[in-house]
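For reference, protein38.txt (compact mmCIF, C-alpha atoms and all ligand atoms):
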```txt
# COMPACT_ATOMS: atom_id res chain seq x y z
CA MET J 150 89.17 73.82 88.87
CA THR J 151 92.08 75.64 90.43
CA SER J 152 94.87 73.16 90.69
CA ARG J 153 98.37 72.80 92.05
CA THR J 154 99.37 70.79 89.00
CA PRO J 155 101.57 72.26 86.27
CA LEU J 156 100.60 72.28 82.61
CA THR J 157 103.43 70.87 80.53
CA ALA J 158 104.16 70.42 76.85
CA HIS J 159 106.78 67.92 75.71
CA THR J 160 108.29 68.12 72.22
CA LEU J 161 105.07 69.46 70.81
CA VAL J 162 104.80 69.37 67.02
CA LYS J 163 101.82 70.64 65.04
CA THR J 164 101.63 70.37 61.28
CA TYR J 165 98.67 71.68 59.33
CA GLY J 166 97.90 69.83 56.10
CA ALA J 167 99.53 66.73 54.66
CA ALA J 168 102.78 65.47 56.13
CA GLY J 169 105.69 66.64 54.01
CA THR J 170 103.77 69.39 52.21
CA GLY J 171 101.92 71.01 55.14
CA THR J 172 102.85 73.93 57.37
CA THR J 173 104.79 73.14 60.51
CA ALA J 174 103.34 75.57 63.02
CA LEU J 175 105.04 74.02 66.07
CA ALA J 176 108.43 72.44 65.58
CA GLY J 177 109.08 70.84 68.97
CA VAL J 178 107.99 73.01 71.89
CA ASP J 179 108.81 72.20 75.50
CA LEU J 180 107.09 74.37 78.08
CA SER J 181 106.02 74.00 81.69
CA ILE J 182 103.59 76.38 83.31
CA ALA J 183 103.56 76.27 87.08
CA PRO J 184 100.35 76.59 89.10
CA GLY J 185 99.45 80.25 89.41
CA GLU J 186 102.16 81.35 87.02
CA SER J 187 101.43 84.02 84.40
CA VAL J 188 103.22 83.48 81.09
CA ALA J 189 103.17 85.85 78.14
CA ILE J 190 103.80 84.36 74.69
CA MET J 191 105.21 86.79 72.15
CA GLY J 192 106.58 86.50 68.63
CA PRO J 193 106.05 87.60 65.04
CA SER J 194 102.87 86.87 63.16
CA GLY J 195 102.82 83.24 62.04
CA SER J 196 105.36 82.09 64.65
CA GLY J 197 102.89 79.62 66.17
CA LYS J 198 101.55 81.44 69.23
CA THR J 199 97.85 80.72 68.67
CA THR J 200 98.62 77.16 67.64
CA LEU J 201 100.58 76.61 70.85
CA LEU J 202 97.75 78.07 72.95
CA HIS J 203 95.20 75.83 71.23
CA CYS J 204 97.32 72.72 71.66
CA LEU J 205 97.96 73.51 75.34
CA ALA J 206 94.22 73.94 75.89
CA GLY J 207 93.28 70.76 74.08
CA VAL J 208 91.40 72.72 71.41
CA LEU J 209 93.72 71.37 68.69
CA PRO J 210 95.28 67.91 68.69
CA ALA J 211 99.05 67.99 68.37
CA THR J 212 100.64 66.06 65.53
CA SER J 213 103.14 64.59 67.99
CA GLY J 214 104.38 65.26 71.49
CA GLN J 215 102.38 65.50 74.68
CA VAL J 216 100.42 68.01 76.72
CA ILE J 217 100.08 66.87 80.31
CA TRP J 218 97.47 68.36 82.63
CA ALA J 219 96.50 66.86 86.00
CA GLY J 220 98.42 63.73 85.16
CA GLN J 221 96.62 63.15 81.87
CA ASP J 222 97.91 63.39 78.32
CA LEU J 223 95.33 65.50 76.50
CA SER J 224 96.08 63.77 73.20
CA SER J 225 95.10 60.39 74.62
CA MET J 226 91.70 61.64 75.79
CA SER J 227 88.54 61.37 73.70
CA GLU J 228 87.22 64.56 72.12
CA GLY J 229 84.26 64.43 74.52
CA ALA J 230 86.53 64.17 77.54
CA ARG J 231 88.66 67.05 76.25
CA THR J 232 85.55 69.20 75.77
CA GLY J 233 84.46 68.45 79.33
CA LEU J 234 87.92 69.28 80.65
CA ARG J 235 87.96 72.60 78.78
CA ARG J 236 84.67 73.51 80.46
CA THR J 237 85.75 72.69 83.99
CA ASP J 238 89.50 73.25 84.12
CA PHE J 239 90.24 75.98 81.59
CA GLY J 240 88.98 79.49 80.91
CA PHE J 241 89.35 81.41 77.64
CA VAL J 242 89.55 85.06 76.62
CA PHE J 243 89.84 85.95 72.94
CA GLN J 244 90.43 89.19 71.11
CA SER J 245 86.74 90.00 70.64
CA GLY J 246 83.46 88.57 69.42
CA GLN J 247 83.28 85.86 72.05
CA LEU J 248 80.14 87.09 73.80
CA LEU J 249 76.71 86.04 72.59
CA PRO J 250 75.08 89.24 71.34
CA GLU J 251 71.56 88.36 72.46
CA LEU J 252 72.47 87.58 76.06
CA PRO J 253 72.92 90.13 78.87
CA ALA J 254 76.31 90.43 80.52
CA ASP J 255 75.41 88.28 83.53
CA GLU J 256 74.18 85.39 81.39
CA ASN J 257 77.18 85.66 79.09
CA ALA J 258 79.47 85.45 82.13
CA ALA J 259 77.42 82.60 83.64
CA LEU J 260 77.55 80.39 80.54
CA PRO J 261 80.37 78.04 81.66
CA LEU J 262 78.56 77.33 84.93
CA MET J 263 75.26 76.72 83.16
CA LEU J 264 76.95 74.42 80.65
CA ALA J 265 78.41 72.51 83.60
CA GLY J 266 74.91 72.05 85.05
CA THR J 267 74.69 74.83 87.66
CA PRO J 268 71.09 76.08 87.94
CA ARG J 269 70.56 79.33 86.04
CA ALA J 270 69.74 81.49 89.10
CA GLN J 271 72.80 80.31 90.99
CA ALA J 272 75.04 80.67 87.94
CA THR J 273 73.92 84.23 87.17
CA ASP J 274 74.22 85.16 90.84
CA THR J 275 77.87 84.05 90.86
CA ALA J 276 78.42 85.77 87.52
CA ARG J 277 76.98 89.03 88.86
CA ARG J 278 79.40 88.96 91.76
CA TRP J 279 82.24 88.45 89.33
CA LEU J 280 81.01 91.39 87.24
CA ALA J 281 80.86 93.59 90.34
CA TYR J 282 84.36 92.46 91.33
CA LEU J 283 85.62 93.40 87.88
CA GLY J 284 84.10 96.87 88.04
CA LEU J 285 80.91 96.23 86.05
CA GLY J 286 78.36 96.58 88.85
CA GLY J 287 75.12 97.95 87.38
CA MET J 288 75.87 96.68 83.89
CA GLU J 289 74.64 93.11 84.40
CA SER J 290 71.63 93.52 82.10
CA ARG J 291 73.46 95.13 79.22
CA ARG J 292 73.97 93.20 76.04
CA PRO J 293 77.43 93.17 74.44
CA GLY J 294 76.35 95.82 71.91
CA GLU J 295 75.66 98.18 74.81
CA LEU J 296 79.15 97.84 76.29
CA SER J 297 82.46 99.46 75.37
CA GLY J 298 85.23 97.20 74.07
CA GLY J 299 86.99 97.26 77.43
CA GLN J 300 83.78 96.50 79.32
CA ALA J 301 83.01 93.61 76.97
CA GLN J 302 86.46 92.19 77.66
CA ARG J 303 85.78 92.40 81.40
CA VAL J 304 82.63 90.35 80.84
CA ALA J 305 84.77 87.87 78.90
CA ILE J 306 87.22 87.78 81.82
CA ALA J 307 84.34 87.14 84.23
CA ARG J 308 83.23 84.29 81.98
CA ALA J 309 86.75 82.85 81.90
CA LEU J 310 87.05 82.92 85.70
CA VAL J 311 83.52 82.10 86.83
CA GLY J 312 84.14 78.35 86.91
CA SER J 313 87.38 78.67 88.96
CA PRO J 314 89.59 77.23 86.20
CA GLY J 315 93.11 75.96 86.74
CA VAL J 316 94.44 77.78 83.68
CA VAL J 317 93.17 80.82 81.80
CA PHE J 318 94.19 81.09 78.14
CA ALA J 319 94.03 84.50 76.50
CA ASP J 320 94.80 85.11 72.80
CA GLU J 321 95.49 88.79 72.15
CA PRO J 322 92.77 89.86 74.61
CA THR J 323 93.66 93.52 74.12
CA GLY J 324 94.25 93.38 70.38
CA ALA J 325 91.05 95.23 69.53
CA LEU J 326 91.46 97.92 72.21
CA ASP J 327 93.36 101.19 72.38
CA GLN J 328 96.54 101.02 74.42
CA GLN J 329 95.19 102.54 77.63
CA THR J 330 92.07 100.40 77.67
CA GLY J 331 94.20 97.41 76.73
CA HIS J 332 96.43 97.99 79.71
CA GLU J 333 93.41 98.32 81.99
CA VAL J 334 92.12 95.00 80.70
CA LEU J 335 95.54 93.38 81.12
CA GLY J 336 95.63 94.62 84.70
CA VAL J 337 92.16 93.25 85.41
CA LEU J 338 92.94 89.93 83.76
CA THR J 339 96.25 89.33 85.49
CA GLU J 340 95.16 90.58 88.91
CA ALA J 341 91.86 88.68 88.97
CA THR J 342 93.45 85.49 87.64
CA ARG J 343 96.21 85.73 90.23
CA ALA J 344 93.63 86.21 93.00
CA THR J 345 92.01 82.90 92.10
CA GLY J 346 95.31 81.01 91.99
CA ALA J 347 94.83 80.04 88.33
CA ALA J 348 97.71 80.07 85.88
CA LEU J 349 97.51 82.47 82.93
CA VAL J 350 98.85 81.95 79.42
CA ILE J 351 98.50 85.10 77.38
CA VAL J 352 99.42 85.65 73.73
CA THR J 353 100.10 89.29 73.05
CA HIS J 354 101.93 91.69 70.77
CA ASP J 355 102.09 94.29 73.57
CA PRO J 356 105.75 94.63 74.58
CA GLY J 357 104.68 96.09 77.93
CA VAL J 358 102.99 92.87 78.95
CA ALA J 359 105.98 91.57 80.90
CA ARG J 360 105.07 94.06 83.57
CA TRP J 361 101.99 91.99 84.41
CA CYS J 362 103.39 88.49 83.87
CA SER J 363 105.96 86.46 85.74
CA ARG J 364 107.55 85.16 82.52
CA THR J 365 107.66 86.03 78.83
CA VAL J 366 108.32 83.35 76.23
CA HIS J 367 109.46 84.40 72.74
CA MET J 368 108.58 82.27 69.70
CA ARG J 369 109.93 82.19 66.18
CA ASP J 370 109.19 79.70 63.41
CA GLY J 371 107.34 77.32 65.69
CA ARG J 372 109.98 77.22 68.39
CA ILE J 373 110.61 78.91 71.73
CA VAL J 374 113.78 80.87 71.13
CA SER J 375 114.15 82.69 74.45
CA GLU J 376 112.40 83.57 77.63
CA ASP J 377 112.63 86.29 80.25
CA ARG J 378 111.59 86.08 83.86
CA THR J 379 110.24 89.24 85.35
CA PRO J 380 112.63 90.11 88.17
CA ALA J 381 111.23 90.15 91.68
CA ALA J 382 112.35 93.73 92.01
CA PRO J 383 114.64 95.85 89.86
CA ALA J 384 118.14 95.46 91.29
CA ALA J 385 118.94 99.15 90.96
CA GLN J 386 115.71 100.19 92.65
CA PRO J 387 116.52 101.58 96.07
CA VAL J 388 112.87 101.80 97.09
CA ALA J 389 111.76 98.94 99.30
CA PRO J 390 108.68 97.25 97.88
CA ALA J 391 106.84 97.67 101.18
CA ALA J 392 107.16 101.42 100.90
CA GLN J 393 105.40 101.50 97.57
CA PRO J 394 101.67 101.99 97.39
CA VAL J 395 100.27 98.56 96.74
CA ALA J 396 96.86 98.07 95.23
CA PRO J 397 94.49 96.61 97.80
CA ALA J 398 94.50 92.87 97.39
CA PRO J 399 91.19 91.13 96.94
CA GLN J 400 90.02 89.62 100.19
CA ALA J 401 89.75 85.94 100.52
CA GLY J 402 86.46 84.28 99.76
CA PRO J 403 84.87 81.87 102.20
CA THR J 404 87.01 78.98 101.03
CA ALA J 405 90.30 80.81 101.39
CA GLN J 406 92.66 79.70 104.07
CA PRO J 407 92.78 82.16 106.94
CA GLY J 408 95.94 84.17 106.80
CA ALA J 409 96.76 83.07 103.28
CA PRO J 410 98.70 85.77 101.49
CA VAL J 411 96.58 87.36 98.81
CA ALA J 412 99.12 89.89 97.64
CA PRO J 413 100.77 89.26 94.28
CA GLY J 414 103.68 86.89 94.04
CA PRO J 415 107.36 87.74 93.67
CA TRP J 416 106.82 89.96 90.65
CA PRO J 417 105.95 93.62 91.18
CA ALA J 418 102.34 94.56 91.69
CA PRO J 419 101.06 96.40 88.63
CA THR J 420 101.15 100.09 89.26
CA ALA J 421 99.23 101.16 86.17
CA PRO J 422 96.57 103.76 86.85
CA TYR J 423 93.78 101.39 86.03
CA GLY J 424 90.71 100.67 88.06
CA PRO J 425 87.83 102.85 89.09
CA ASN J 426 89.82 104.85 91.64
CA GLY J 427 93.24 104.50 90.14
CA THR J 428 94.13 101.97 92.79
CA SER J 429 93.28 98.43 91.87
CA ALA J 430 91.98 96.85 88.72
CA VAL J 431 89.40 94.91 90.64
CA GLY J 432 87.17 95.49 93.64
CA GLY J 433 88.34 94.39 97.04
CA SER J 434 85.78 92.74 99.23
CA ASN J 435 83.45 90.69 97.09
CA LEU J 436 85.58 87.94 95.63
CA PRO J 437 82.89 85.49 94.64
CA ASP J 438 82.06 82.41 96.64
CA GLY J 439 83.99 79.31 95.79
CA VAL J 440 87.16 81.12 94.81
CA THR J 441 90.16 79.65 96.53
CA VAL J 442 93.03 82.03 97.01
CA VAL J 443 96.15 79.94 96.67
CA PRO J 444 99.30 81.10 98.45
CA ARG J 445 102.29 81.38 96.18
N1 LIG P 501 94.09 76.13 60.17
C1 LIG P 501 95.27 76.28 59.58
N2 LIG P 501 95.57 75.66 58.43
C2 LIG P 501 96.77 75.78 57.84
N3 LIG P 501 97.79 76.52 58.33
C3 LIG P 501 97.55 77.20 59.48
C4 LIG P 501 96.29 77.11 60.17
N4 LIG P 501 96.34 77.88 61.28
C5 LIG P 501 97.58 78.41 61.28
N5 LIG P 501 98.30 78.01 60.22
C6 LIG P 501 99.70 78.36 59.91
O1 LIG P 501 100.49 77.98 61.03
C7 LIG P 501 101.47 78.97 61.31
C8 LIG P 501 101.30 79.47 62.73
O2 LIG P 501 100.05 80.13 62.83
P1 LIG P 501 99.52 80.77 64.19
O3 LIG P 501 98.13 81.19 63.95
O4 LIG P 501 99.78 79.84 65.28
O5 LIG P 501 100.49 82.04 64.31
P2 LIG P 501 100.47 83.25 65.34
O6 LIG P 501 101.86 83.35 65.92
O7 LIG P 501 99.34 83.12 66.27
O8 LIG P 501 100.28 84.50 64.37
P3 LIG P 501 99.48 85.88 64.63
O9 LIG P 501 100.36 86.74 65.49
O10 LIG P 501 99.32 86.45 63.24
O11 LIG P 501 98.15 85.57 65.24
C9 LIG P 501 101.32 80.05 60.24
O12 LIG P 501 102.23 79.77 59.21
C10 LIG P 501 99.91 79.85 59.75
O13 LIG P 501 99.77 80.24 58.40
MG MG P 502 97.56 84.23 66.61
```
Translate the structure of the given file into structure tokens.
Amino acid sequence: MTSRTPLTAHTLVKTYGAAGTGTTALAGVDLSIAPGESVAIMGPSGSGKTTLLHCLAGVLPATSGQVIWAGQDLSSMSEGARTGLRRTDFGFVFQSGQLLPELPADENAALPLMLAGTPRAQATDTARRWLAYLGLGGMESRRPGELSGGQAQRVAIARALVGSPGVVFADEPTGALDQQTGHEVLGVLTEATRATGAALVIVTHDPGVARWCSRTVHMRDGRIVSEDRTPAAPAAQPVAPAAQPVAPAPQAGPTAQPGAPVAPGPWPAPTAPYGPNGTSAVGGSNLPDGVTVVPR
């Protein structure tokens, strides 16, 4: 669920294979991801990005160090408890191939809810509203093979968000797309995740990703070597943010606090020409039930 708790890694080490002769993929990583924060992880191939993502999400056990989420050390939990936590608290978007080919888009997107015990009709109803919100209205019955790569990734984003996770993990979600479609998907992913109040951890090779994230972390040889925060506004920019056209923010769902700000945080709103009308990546008024918009 959406949470006000940070996700933190302390001196995280991950070695594949036997101690001494194995590969050290993570050589002592410290990282804290604040609630609602969007963090891009970049670095050369083999630098440990996917390994870090998997350790943070409790998919892989760390060799040493800790990952703390909601006051719990993931490494001290049983595998069953970690699996349950991944279903309820985390959402995942991968490069491709994550949708079940025999299921229509709405059932693919509804899977996390169904796995958590939500009745099928209710789960697909929520999933359909997510699909509409993400610009896929009318495509609910299509199977993955009948969707474009960008549309399939929107279904994957709906699936990642449908259970109102606290953190969404994305590993090269645009890696199989052309640049323009990739940027559209990045816009959808970051905007929709931000609207729910979830944090986002995104591994990418796209150097333009900082535009959508509040922070970029650079890895090399299993370590974080530097990080950049996206400035609130370019210092040399004379244009006041309020004067810029801002994409319409999604309206609060029924559980949102009245008057809660739904506009993006201190980083600039994406201005990419994505979205059906070149305005917003996602649709405005139908944020699905149960989504809490968290002020930041
Ligand atoms: N299952 C595994 N068994 C053994 N070594 C592995 C395994 N998975 C990853 N590695 C090694 O760990 C290191 C980090 O791999 P990782 O997949 O985390 O890199 P990455 O930064 O995600 O790279 P890429 O950009 O190519 O996806 C690499 O040296 C890799 O060969
Ligand atoms: Mg990788």
Mind checking which residues fall within 7 Å of Gly197 (chain J), counting only C-alpha atoms, ignoring those fewer than 6 positions away in the same chain, and posting them as number ranges by chain?
-> J: 174-175, 370-371
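The binding environment of ligand LIG 501 (chain P), defined as every protein, DNA or RNA residue with an atom no more than 6 Å away and counting only C-alpha atoms and all ligand atoms, comprises Tyr165, Thr172, Ala174, Pro193, Ser194, Gly195, Ser196, Gly197, Lys198, Thr199 and Thr200 of chain J.
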Give me, as an mmCIF file with C-alpha atoms, keeping the file's coordinate frame, all polymer residues having an atom no more than 9 Å from Asp355 (chain J), counting only C-alpha atoms and skipping those fewer than 3 positions away in the same chain.
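See around.cif below for the written result:
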```cif
data_model
loop_
_atom_site.group_PDB
_atom_site.id
_atom_site.type_symbol
_atom_site.label_atom_id
_atom_site.label_comp_id
_atom_site.auth_asym_id
_atom_site.auth_seq_id
_atom_site.Cartn_x
_atom_site.Cartn_y
_atom_site.Cartn_z
ATOM 1 C CA MET J 191 105.210 86.790 72.150
ATOM 2 C CA GLU J 321 95.490 88.790 72.150
ATOM 3 C CA THR J 323 93.660 93.520 74.120
ATOM 4 C CA GLY J 324 94.250 93.380 70.380
ATOM 5 C CA GLN J 328 96.540 101.020 74.420
ATOM 6 C CA VAL J 358 102.990 92.870 78.950
ATOM 7 C CA ALA J 359 105.980 91.570 80.900
#
```
Measuring atom to atom with all atoms listed in the file, identify which of J:Met226, J:Leu338, J:Ala319, J:Ala344 is nearest to ligand MG 502 (chain P).
->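 So, comparing all the options, the nearest one is J:Ala319.
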Can you work out which one of J:Val242, J:Val178, J:Leu201, J:Leu161 has the shortest atom-to-atom distance to ligand MG 502 (chain P), counting only C-alpha atoms and all ligand atoms?
-> J:Leu201
One decimal, Å: what's the distance from CA of Pro155 (chain J) over to CA of Trp218 (chain J), could you say?
->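 Interatomic distance, CA of Pro155 (chain J) to CA of Trp218 (chain J): 6.7 Å.
By all atoms listed in the file, and with residues fewer than 5 positions from Leu223 (chain J) along its chain excluded, the set lying at most 9 Å from it is Cys204, Leu205, Ala206, Gly207, Pro210, Gln215, Val216, Ile217, Trp218, Ala230 and Arg231 of chain J.
All protein, DNA and RNA residues at most 9 Å from (72.4, 86.6, 85.7) are Pro253, Ala254, Asp255, Glu256, Asn257, Ala258, Ala259, Arg269, Ala270, Gln271, Ala272, Thr273, Asp274, Thr275, Ala276, Arg277, Glu289 and Ser290 of chain J, using all atoms listed in the file.
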